[in-house]
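Q: Below you will find the structure I want to go over with you.
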Amino acid sequence: MSTIDKIKELKQQRNAVILAHYYVEDEVQAIADYVGDSFYLSKIAAKEEADVILFCGVSFMGESAKILSPQKTVIMPDMQADCPMAHMADIEKIQEMREKYEDLAVVCYINSTAELKTYSDVCVTSSNALKIVKKLPNKHIYFIPDENLGRYIASKVPEKQFIFNEGFCHVHKGIAAEHVRKAKEAHPQASVLVHPECTPEVVEMADYIGSTSGIIDFATASGEQEFIICTETGVLYELRQKNPGKRFYLAGNQQLCPNMKRITLDKVAAALEQMTNTVELEEEVRVRANQPLERMLELGS
Ligand code: 13P
Ligand code: SF4
């Protein structure tokens with residue numbers, strides 16, 4: 001039996017649903033029931049009715065699914081697939097900021113550990129951060145962990161005062177303005193589509209700035225034919241599926257997230273067969289981390 005047939009059979013036996021982020025390998029995206037950006041996938045996880053959620057992505061995604069859907073069994077193909085940025089904020093610093101600014105809102109990018117979420121007021125993703133921050137009554141915003149996304153949102157909300165944290169995504173930080181300039185020289189007609197985890201210099205060169213879904217939707221709706229893509233390579237799969245006639249170029253040559261690429265079809269099949277890679281959280285942590293996530297669903301939808 002092929003691995004794909006095995007996955008289909010096990011999925012039925014377990015009453016499981018497969019969620020995948022756009023950054024996982026093409027063949028994993030191809031077998032998923034839902035593929036999307038972080039916000040879309042968390043909404044699906046919150047309302048999905050299957051008994052088991054198999055999350056093809058990194059730890060914070062599986063954790064968020066478990067926080068939002070505690071009655072489900074959430075499993076992951078590779079428990080080592082983790083986002084380094086999710087750990088790049090400090091609880092003591094959060095407490096320090098809360099003491100310093102009375103009206104502080106701690107706005108936590110969903111790319112964060114469950115523990116960091118428990119100290120936060122609201123979670124955001126790249127597709128809803130602007131909308132949510134605008135709705136907050138607080139003037140002071142401590143944005144964790146991603147500095148680049150924080151700076152991009154801050155540039156759109158000048159009436160608020162942001163405090164930034166030094167977290168970053170190594171994949172997006174690795175896309176240099178020089179790479180984009182060279183790609184633009186080679187393809188002068190191409191529009192530059194940028195994820196806000198990129199540096200401010202790259203964001204400044206963009207024709208469009210948005211989440212992975214935003215980039216895909218923009219290119220699909222556009223009358224243009226050529227695009228320079230400034231995010232992880234995995235989005236090319238959906239971009240090409242939806243736009244067979246259009247041309248997509250990567251700005252750099254290192255746009256690969258090694259953690260997302262740990263997810264393979266064999267590991268998907270093994271996770272469904274063994275059911276041992278379950279996401280577990282202490283109930284107290286889960287309940288506290290649920291508050292900012294629920295607030296995100298409420299303010300972001
Ligand atoms: P989005 O899919 O929400 O744009 O997130 C990008 C990302 O880095 C996920 O790890
Ligand atoms: Fe984390 Fe960046 Fe990989 Fe997304 S692409 S999981 S932010 S390291």
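Labels for the structure tokens follow display order: chains A, B, ..., residues from 1 in each chain, ligands from 1.
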List as a Markdown table every residue of chain A that is in contact with ligand 2, defined as an atom at most 9 Å from one of its atoms (using only C-alpha atoms and all ligand atoms), together with the nearest atom pair and the distance in Å rounded to one decimal, sorted by chain and then rising number.

A:
| residue | atom | partner | partner_atom_place_in_ligand_line | distance |
| --- | --- | --- | --- | --- |
| A:Tyr23 | CA | ligand 2 | 5 (S) | 7.2 |
| A:Gly57 | CA | ligand 2 | 6 (S) | 7.6 |
| A:Val58 | CA | ligand 2 | 6 (S) | 6.1 |
| A:Ser59 | CA | ligand 2 | 6 (S) | 8.7 |
| A:Phe60 | CA | ligand 2 | 6 (S) | 8.6 |
| A:Ala81 | CA | ligand 2 | 6 (S) | 8.5 |
| A:Asp82 | CA | ligand 2 | 6 (S) | 6.9 |
| A:Cys83 | CA | ligand 2 | 1 (Fe) | 3.9 |
| A:Pro84 | CA | ligand 2 | 8 (S) | 5.7 |
| A:Met85 | CA | ligand 2 | 1 (Fe) | 5.6 |
| A:Ala86 | CA | ligand 2 | 1 (Fe) | 6.9 |
| A:Asn111 | CA | ligand 2 | 7 (S) | 6.4 |
| A:Asp146 | CA | ligand 2 | 7 (S) | 8.6 |
| A:Phe168 | CA | ligand 2 | 7 (S) | 7.5 |
| A:Cys169 | CA | ligand 2 | 2 (Fe) | 4.2 |
| A:His170 | CA | ligand 2 | 8 (S) | 5.8 |
| A:Val171 | CA | ligand 2 | 2 (Fe) | 5.2 |
| A:His172 | CA | ligand 2 | 2 (Fe) | 6.4 |
| A:Lys173 | CA | ligand 2 | 2 (Fe) | 8.7 |
| A:Glu197 | CA | ligand 2 | 7 (S) | 7.5 |
| A:Thr231 | CA | ligand 2 | 5 (S) | 7.8 |
| A:Glu232 | CA | ligand 2 | 5 (S) | 6.1 |
| A:Gln255 | CA | ligand 2 | 5 (S) | 8.5 |
| A:Leu256 | CA | ligand 2 | 5 (S) | 7.4 |
| A:Cys257 | CA | ligand 2 | 3 (Fe) | 4.5 |
| A:Pro258 | CA | ligand 2 | 3 (Fe) | 7.0 |
| A:Asn259 | CA | ligand 2 | 3 (Fe) | 6.1 |
| A:Met260 | CA | ligand 2 | 3 (Fe) | 6.2 |

Q: Save the residues we just selected, C-alpha atoms, as a CSV table (one decimal), in the first residue's frame?

A:
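File out30.csv, as written:
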chain,number,residue,atom,x,y,z
A,23,TYR,CA,5.5,26.2,4.5
A,57,GLY,CA,3.5,22.5,11.2
A,58,VAL,CA,5.7,23.6,14.1
A,59,SER,CA,5.1,23.3,17.8
A,60,PHE,CA,3.3,26.5,18.5
A,81,ALA,CA,9.7,20.8,14.6
A,82,ASP,CA,9.8,24.0,16.5
A,83,CYS,CA,9.9,27.7,15.6
A,84,PRO,CA,13.0,29.3,17.2
A,85,MET,CA,11.2,32.7,17.3
A,86,ALA,CA,8.5,31.3,19.5
A,111,ASN,CA,4.4,32.3,16.8
A,146,ASP,CA,8.8,39.4,16.4
A,168,PHE,CA,13.1,37.4,14.7
A,169,CYS,CA,12.4,34.7,12.1
A,170,HIS,CA,15.8,33.6,10.7
A,171,VAL,CA,14.2,32.7,7.4
A,172,HIS,CA,12.6,36.1,6.7
A,173,LYS,CA,15.5,38.0,8.2
A,197,GLU,CA,8.4,39.1,9.2
A,231,THR,CA,8.6,34.6,2.3
A,232,GLU,CA,9.2,30.9,2.8
A,255,GLN,CA,14.1,30.8,1.9
A,256,LEU,CA,13.6,27.5,3.6
A,257,CYS,CA,12.3,26.9,7.2
A,258,PRO,CA,14.2,23.8,8.3
A,259,ASN,CA,11.6,23.1,11.0
A,260,MET,CA,8.6,23.1,8.7

Q: Any chance you could tabulate, as CSV, the residues of chain A at most 7 Å from ligand 1 with each one's nearest atom pair and distance in Å to one decimal, using only C-alpha atoms and all ligand atoms, in chain and rising number order?

A:
residue,atom,partner,partner_atom_place_in_ligand_line,distance
A:His21,CA,ligand 1,2 (O),6.7
A:Tyr22,CA,ligand 1,2 (O),6.7
A:Gly36,CA,ligand 1,2 (O),6.6
A:Asp37,CA,ligand 1,2 (O),3.3
A:Ser38,CA,ligand 1,3 (O),3.9
A:Phe39,CA,ligand 1,3 (O),5.9
A:Asn111,CA,ligand 1,10 (O),6.4
A:Thr125,CA,ligand 1,3 (O),5.4
A:Ser126,CA,ligand 1,3 (O),5.1
A:Ser127,CA,ligand 1,3 (O),6.1
A:His195,CA,ligand 1,4 (O),6.8
A:Ser211,CA,ligand 1,4 (O),3.4
A:Thr212,CA,ligand 1,4 (O),4.0
A:Ser213,CA,ligand 1,2 (O),6.5

Q: Might you pull out every residue within 9 Å of Ala270 (chain A), with only C-alpha atoms counted and same-chain residues fewer than 4 positions away left off, and present them as a PyMOL selection string?

A: chain A and resi 7+77+265-266+274-275

Q: Taking the chain letters and numbering used in this document, name the residues of region 21-139 of chain A that DSSP puts in helix (DSSP H, G or I), as a ChimeraX atom specification.

A: /A:26-31,38-47,59-68,84-87,91-100,114-118,129-135

Q: Could you dump the residues just selected with N, CA and C atoms as a compact mmCIF listing (two decimals), in the first residue's frame?

A:
# COMPACT_ATOMS: atom_id res chain seq x y z
N ASP A 26 5.43 20.23 -0.40
CA ASP A 26 4.30 20.17 -1.33
C ASP A 26 3.44 18.92 -1.13
N GLU A 27 4.11 17.75 -1.03
CA GLU A 27 3.34 16.50 -0.96
C GLU A 27 2.54 16.39 0.34
N VAL A 28 3.00 17.09 1.37
CA VAL A 28 2.24 17.10 2.63
C VAL A 28 1.03 18.04 2.48
N GLN A 29 1.25 19.20 1.87
CA GLN A 29 0.12 20.10 1.60
C GLN A 29 -0.94 19.37 0.77
N ALA A 30 -0.46 18.56 -0.19
CA ALA A 30 -1.39 17.89 -1.12
C ALA A 30 -2.33 16.91 -0.43
N ILE A 31 -1.91 16.30 0.69
CA ILE A 31 -2.80 15.31 1.34
C ILE A 31 -3.62 15.92 2.49
N SER A 38 -1.61 30.95 9.49
CA SER A 38 -1.77 30.63 10.92
C SER A 38 -3.16 30.98 11.44
N PHE A 39 -3.73 32.08 10.99
CA PHE A 39 -5.05 32.49 11.48
C PHE A 39 -6.13 31.51 11.00
N TYR A 40 -6.10 31.23 9.72
CA TYR A 40 -7.08 30.30 9.15
C TYR A 40 -7.01 28.95 9.88
N LEU A 41 -5.82 28.44 10.07
CA LEU A 41 -5.67 27.12 10.70
C LEU A 41 -6.13 27.13 12.16
N SER A 42 -5.92 28.25 12.86
CA SER A 42 -6.38 28.27 14.25
C SER A 42 -7.91 28.34 14.29
N LYS A 43 -8.52 29.02 13.33
CA LYS A 43 -9.99 29.05 13.29
C LYS A 43 -10.54 27.65 13.01
N ILE A 44 -9.89 26.94 12.10
CA ILE A 44 -10.33 25.57 11.79
C ILE A 44 -10.17 24.69 13.03
N ALA A 45 -9.02 24.80 13.69
CA ALA A 45 -8.76 23.97 14.88
C ALA A 45 -9.82 24.22 15.95
N ALA A 46 -10.26 25.47 16.07
CA ALA A 46 -11.23 25.81 17.12
C ALA A 46 -12.61 25.21 16.84
N LYS A 47 -12.96 25.03 15.56
CA LYS A 47 -14.33 24.59 15.29
C LYS A 47 -14.45 23.18 14.69
N SER A 59 5.66 23.47 16.51
CA SER A 59 5.05 23.28 17.85
C SER A 59 3.98 24.28 18.23
N PHE A 60 4.25 25.58 17.99
CA PHE A 60 3.26 26.54 18.48
C PHE A 60 1.91 26.36 17.79
N MET A 61 1.91 25.77 16.60
CA MET A 61 0.66 25.55 15.87
C MET A 61 -0.14 24.41 16.52
N GLY A 62 0.57 23.31 16.82
CA GLY A 62 -0.09 22.19 17.50
C GLY A 62 -0.57 22.62 18.87
N GLU A 63 0.26 23.38 19.58
CA GLU A 63 -0.13 23.87 20.92
C GLU A 63 -1.38 24.73 20.84
N SER A 64 -1.40 25.64 19.87
CA SER A 64 -2.58 26.52 19.75
C SER A 64 -3.83 25.71 19.46
N ALA A 65 -3.70 24.68 18.62
CA ALA A 65 -4.85 23.81 18.31
C ALA A 65 -5.35 23.14 19.59
N LYS A 66 -4.43 22.65 20.41
CA LYS A 66 -4.81 21.96 21.65
C LYS A 66 -5.44 22.93 22.65
N ILE A 67 -4.88 24.15 22.70
CA ILE A 67 -5.43 25.17 23.63
C ILE A 67 -6.87 25.49 23.25
N LEU A 68 -7.11 25.64 21.94
CA LEU A 68 -8.44 26.03 21.47
C LEU A 68 -9.42 24.85 21.45
N PRO A 84 12.07 28.69 16.22
CA PRO A 84 12.97 29.34 17.19
C PRO A 84 12.42 30.67 17.70
N MET A 85 11.75 31.42 16.83
CA MET A 85 11.23 32.73 17.25
C MET A 85 10.21 32.59 18.39
N ALA A 86 9.51 31.48 18.45
CA ALA A 86 8.46 31.30 19.47
C ALA A 86 9.01 31.43 20.89
N HIS A 87 10.33 31.27 21.05
CA HIS A 87 10.95 31.31 22.38
C HIS A 87 11.65 32.65 22.65
N ILE A 91 9.77 36.51 30.03
CA ILE A 91 8.67 36.78 30.96
C ILE A 91 9.00 37.91 31.94
N GLU A 92 10.25 37.93 32.40
CA GLU A 92 10.63 39.02 33.32
C GLU A 92 10.50 40.38 32.65
N LYS A 93 10.88 40.41 31.38
CA LYS A 93 10.78 41.69 30.63
C LYS A 93 9.31 42.09 30.48
N ILE A 94 8.44 41.11 30.27
CA ILE A 94 7.00 41.43 30.16
C ILE A 94 6.53 42.06 31.47
N GLN A 95 6.93 41.44 32.58
CA GLN A 95 6.50 41.96 33.89
C GLN A 95 7.06 43.36 34.14
N GLU A 96 8.31 43.55 33.71
CA GLU A 96 8.95 44.87 33.84
C GLU A 96 8.15 45.93 33.06
N MET A 97 7.76 45.59 31.85
CA MET A 97 6.99 46.52 31.01
C MET A 97 5.62 46.82 31.61
N ARG A 98 5.02 45.80 32.21
CA ARG A 98 3.70 46.00 32.83
C ARG A 98 3.80 46.99 34.00
N GLU A 99 4.92 46.90 34.73
CA GLU A 99 5.10 47.84 35.85
C GLU A 99 5.37 49.24 35.35
N LYS A 100 6.08 49.32 34.23
CA LYS A 100 6.47 50.63 33.70
C LYS A 100 5.29 51.39 33.07
N ALA A 114 3.25 28.42 24.48
CA ALA A 114 2.02 28.53 25.29
C ALA A 114 2.33 29.34 26.54
N GLU A 115 3.52 29.16 27.11
CA GLU A 115 3.87 29.89 28.33
C GLU A 115 3.86 31.40 28.09
N LEU A 116 4.46 31.85 26.98
CA LEU A 116 4.45 33.30 26.68
C LEU A 116 3.01 33.80 26.51
N LYS A 117 2.18 32.98 25.91
CA LYS A 117 0.78 33.39 25.71
C LYS A 117 0.09 33.63 27.06
N THR A 118 0.46 32.85 28.08
CA THR A 118 -0.22 33.01 29.37
C THR A 118 0.06 34.38 29.99
N ALA A 129 -3.12 41.22 12.77
CA ALA A 129 -2.46 42.06 13.79
C ALA A 129 -2.89 43.52 13.71
N LEU A 130 -2.96 44.06 12.51
CA LEU A 130 -3.29 45.48 12.36
C LEU A 130 -4.72 45.74 12.86
N LYS A 131 -5.63 44.90 12.39
CA LYS A 131 -7.03 45.03 12.78
C LYS A 131 -7.19 44.97 14.31
N ILE A 132 -6.50 44.01 14.93
CA ILE A 132 -6.65 43.81 16.37
C ILE A 132 -6.01 44.96 17.15
N VAL A 133 -4.80 45.34 16.77
CA VAL A 133 -4.11 46.43 17.51
C VAL A 133 -4.94 47.71 17.44
N LYS A 134 -5.52 47.98 16.28
CA LYS A 134 -6.36 49.19 16.13
C LYS A 134 -7.55 49.17 17.09
N LYS A 135 -8.07 47.96 17.36
CA LYS A 135 -9.25 47.86 18.22
C LYS A 135 -8.91 47.96 19.71

Q: Let me make sure I understand: among A:Gln71, A:Gln80, A:Ser222, A:Gln13, which one has the smallest atom-to-atom distance to Asn277 (chain A) if we use only C-alpha atoms?

A: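 That would be A:Gln80, the residue with the smallest distance to Asn277 (chain A).
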
Q: Measuring between only C-alpha atoms, which one of A:His179, A:Leu10, A:Val106, A:Val35 shows the shortest distance to Asn253 (chain A)?

A: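 When distances to Asn253 (chain A) are compared using only C-alpha atoms, the smallest one comes from A:His179.
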
Q: One decimal, in Å: what's the spacing between CA of Lys160 (chain A) and CA of Lys139 (chain A)?

A: 4.9 Å

Q: Report, in Å with one decimal, the straight-line distance from CA of Met79 (chain A) to CA of Asp33 (chain A).

A: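 CA of Asp33 (chain A) lies at a distance of 20.5 Å from CA of Met79 (chain A).
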
Q: Where in region 101-292 of chain A does DSSP assign strand (DSSP E or B), given as number ranges by chain?

A: A: 105-109, 122-124, 140-144, 146, 161-164, 167, 191-194, 208-209, 226-230, 247-250, 278

Q: Store the residues picked out above, limited to N, CA, C and O atoms, as a short mmCIF file (atom, residue, chain, number, x, y, z; two decimals), in the first residue's frame.

A:
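Contents of the output file result-v6.cif:
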data_model
loop_
_atom_site.label_atom_id
_atom_site.label_comp_id
_atom_site.auth_asym_id
_atom_site.auth_seq_id
_atom_site.Cartn_x
_atom_site.Cartn_y
_atom_site.Cartn_z
N ALA A 105 -0.72 46.93 26.74
CA ALA A 105 -1.28 45.68 26.20
C ALA A 105 -0.11 44.86 25.69
O ALA A 105 0.71 45.35 24.90
N VAL A 106 -0.01 43.62 26.17
CA VAL A 106 1.02 42.72 25.64
C VAL A 106 0.40 41.98 24.47
O VAL A 106 -0.53 41.18 24.64
N VAL A 107 0.88 42.31 23.28
CA VAL A 107 0.34 41.72 22.05
C VAL A 107 1.32 40.64 21.59
O VAL A 107 2.49 40.92 21.31
N CYS A 108 0.83 39.42 21.54
CA CYS A 108 1.72 38.28 21.33
C CYS A 108 1.44 37.62 19.98
O CYS A 108 0.33 37.11 19.75
N TYR A 109 2.42 37.66 19.12
CA TYR A 109 2.33 36.95 17.84
C TYR A 109 2.06 35.47 18.15
O TYR A 109 2.66 34.93 19.09
N VAL A 122 -3.45 39.58 24.28
CA VAL A 122 -4.12 39.15 23.06
C VAL A 122 -3.08 38.56 22.10
O VAL A 122 -1.93 39.00 22.08
N CYS A 123 -3.49 37.56 21.36
CA CYS A 123 -2.61 37.01 20.32
C CYS A 123 -3.00 37.63 18.99
O CYS A 123 -4.14 38.08 18.80
N VAL A 124 -2.05 37.62 18.07
CA VAL A 124 -2.31 38.09 16.70
C VAL A 124 -1.55 37.19 15.73
O VAL A 124 -0.63 36.48 16.13
N HIS A 140 -0.11 52.02 24.94
CA HIS A 140 1.20 51.36 24.91
C HIS A 140 1.05 49.88 24.54
O HIS A 140 0.27 49.16 25.17
N ILE A 141 1.82 49.50 23.55
CA ILE A 141 1.74 48.12 23.06
C ILE A 141 3.14 47.48 23.18
O ILE A 141 4.10 48.00 22.60
N TYR A 142 3.21 46.40 23.94
CA TYR A 142 4.47 45.64 23.96
C TYR A 142 4.27 44.46 23.01
O TYR A 142 3.47 43.56 23.27
N PHE A 143 4.97 44.51 21.89
CA PHE A 143 4.75 43.52 20.83
C PHE A 143 5.83 42.44 20.92
O PHE A 143 7.02 42.71 20.74
N ILE A 144 5.40 41.18 21.18
CA ILE A 144 6.36 40.08 21.28
C ILE A 144 5.97 38.96 20.33
O ILE A 144 4.80 38.87 19.96
N ASP A 146 8.13 38.99 17.68
CA ASP A 146 8.77 39.39 16.42
C ASP A 146 8.91 40.91 16.28
O ASP A 146 7.91 41.61 16.15
N GLN A 161 1.92 53.85 21.01
CA GLN A 161 3.34 53.80 21.29
C GLN A 161 3.77 52.35 21.49
O GLN A 161 3.28 51.68 22.40
N PHE A 162 4.65 51.89 20.62
CA PHE A 162 5.08 50.50 20.66
C PHE A 162 6.40 50.33 21.41
O PHE A 162 7.29 51.16 21.30
N ILE A 163 6.50 49.23 22.11
CA ILE A 163 7.78 48.80 22.67
C ILE A 163 8.09 47.49 21.93
O ILE A 163 7.22 46.62 21.83
N PHE A 164 9.30 47.41 21.40
CA PHE A 164 9.63 46.24 20.59
C PHE A 164 10.49 45.25 21.37
O PHE A 164 11.14 45.60 22.35
N GLY A 167 12.98 39.61 19.01
CA GLY A 167 12.80 38.32 18.34
C GLY A 167 12.75 38.47 16.82
O GLY A 167 12.43 39.54 16.30
N SER A 191 6.10 42.20 -9.55
CA SER A 191 5.68 42.86 -8.31
C SER A 191 6.35 42.14 -7.14
O SER A 191 6.52 40.92 -7.16
N VAL A 192 6.68 42.91 -6.11
CA VAL A 192 7.39 42.35 -4.95
C VAL A 192 6.37 42.11 -3.82
O VAL A 192 5.75 43.05 -3.32
N LEU A 193 6.21 40.84 -3.44
CA LEU A 193 5.23 40.46 -2.41
C LEU A 193 5.99 40.02 -1.16
O LEU A 193 6.81 39.09 -1.22
N VAL A 194 5.71 40.68 -0.05
CA VAL A 194 6.57 40.55 1.14
C VAL A 194 5.77 40.15 2.39
O VAL A 194 4.71 40.72 2.65
N TYR A 208 3.25 44.68 -2.20
CA TYR A 208 2.19 44.16 -1.33
C TYR A 208 2.85 43.56 -0.09
O TYR A 208 3.88 42.87 -0.20
N ILE A 209 2.24 43.77 1.07
CA ILE A 209 2.75 43.19 2.33
C ILE A 209 1.60 42.42 2.97
O ILE A 209 0.50 42.97 3.16
N GLU A 226 4.04 38.44 -13.17
CA GLU A 226 5.31 38.04 -12.55
C GLU A 226 5.42 38.59 -11.13
O GLU A 226 5.07 39.76 -10.89
N PHE A 227 5.96 37.78 -10.24
CA PHE A 227 6.02 38.17 -8.83
C PHE A 227 7.33 37.71 -8.20
O PHE A 227 7.78 36.58 -8.44
N ILE A 228 7.90 38.59 -7.39
CA ILE A 228 9.06 38.22 -6.57
C ILE A 228 8.53 37.93 -5.17
O ILE A 228 7.87 38.78 -4.56
N ILE A 229 8.80 36.72 -4.68
CA ILE A 229 8.19 36.26 -3.43
C ILE A 229 9.19 36.36 -2.27
O ILE A 229 10.24 35.72 -2.31
N CYS A 230 8.82 37.14 -1.27
CA CYS A 230 9.68 37.31 -0.10
C CYS A 230 9.03 36.67 1.12
O CYS A 230 8.51 37.35 2.02
N ARG A 247 4.35 33.71 -13.31
CA ARG A 247 5.72 33.32 -12.95
C ARG A 247 6.10 33.88 -11.58
O ARG A 247 5.87 35.06 -11.29
N PHE A 248 6.70 33.00 -10.78
CA PHE A 248 7.07 33.39 -9.41
C PHE A 248 8.57 33.18 -9.22
O PHE A 248 9.11 32.13 -9.57
N TYR A 249 9.23 34.21 -8.68
CA TYR A 249 10.68 34.13 -8.43
C TYR A 249 10.92 34.34 -6.94
O TYR A 249 10.26 35.16 -6.31
N LEU A 250 11.91 33.63 -6.41
CA LEU A 250 12.28 33.85 -5.01
C LEU A 250 13.33 34.95 -4.97
O LEU A 250 14.18 35.03 -5.87
N THR A 278 1.43 13.12 20.90
CA THR A 278 0.29 13.97 21.26
C THR A 278 0.77 15.26 21.93
O THR A 278 1.75 15.26 22.66
#

Q: With only C-alpha atoms as the basis for distance, which of A:Ala186, A:Val202, A:Ala32, A:Ala20 is at the shortest distance from Gly174 (chain A)?

A: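 Nearest candidate to Gly174 (chain A) out of A:Ala186, A:Val202, A:Ala32, A:Ala20: A:Val202.
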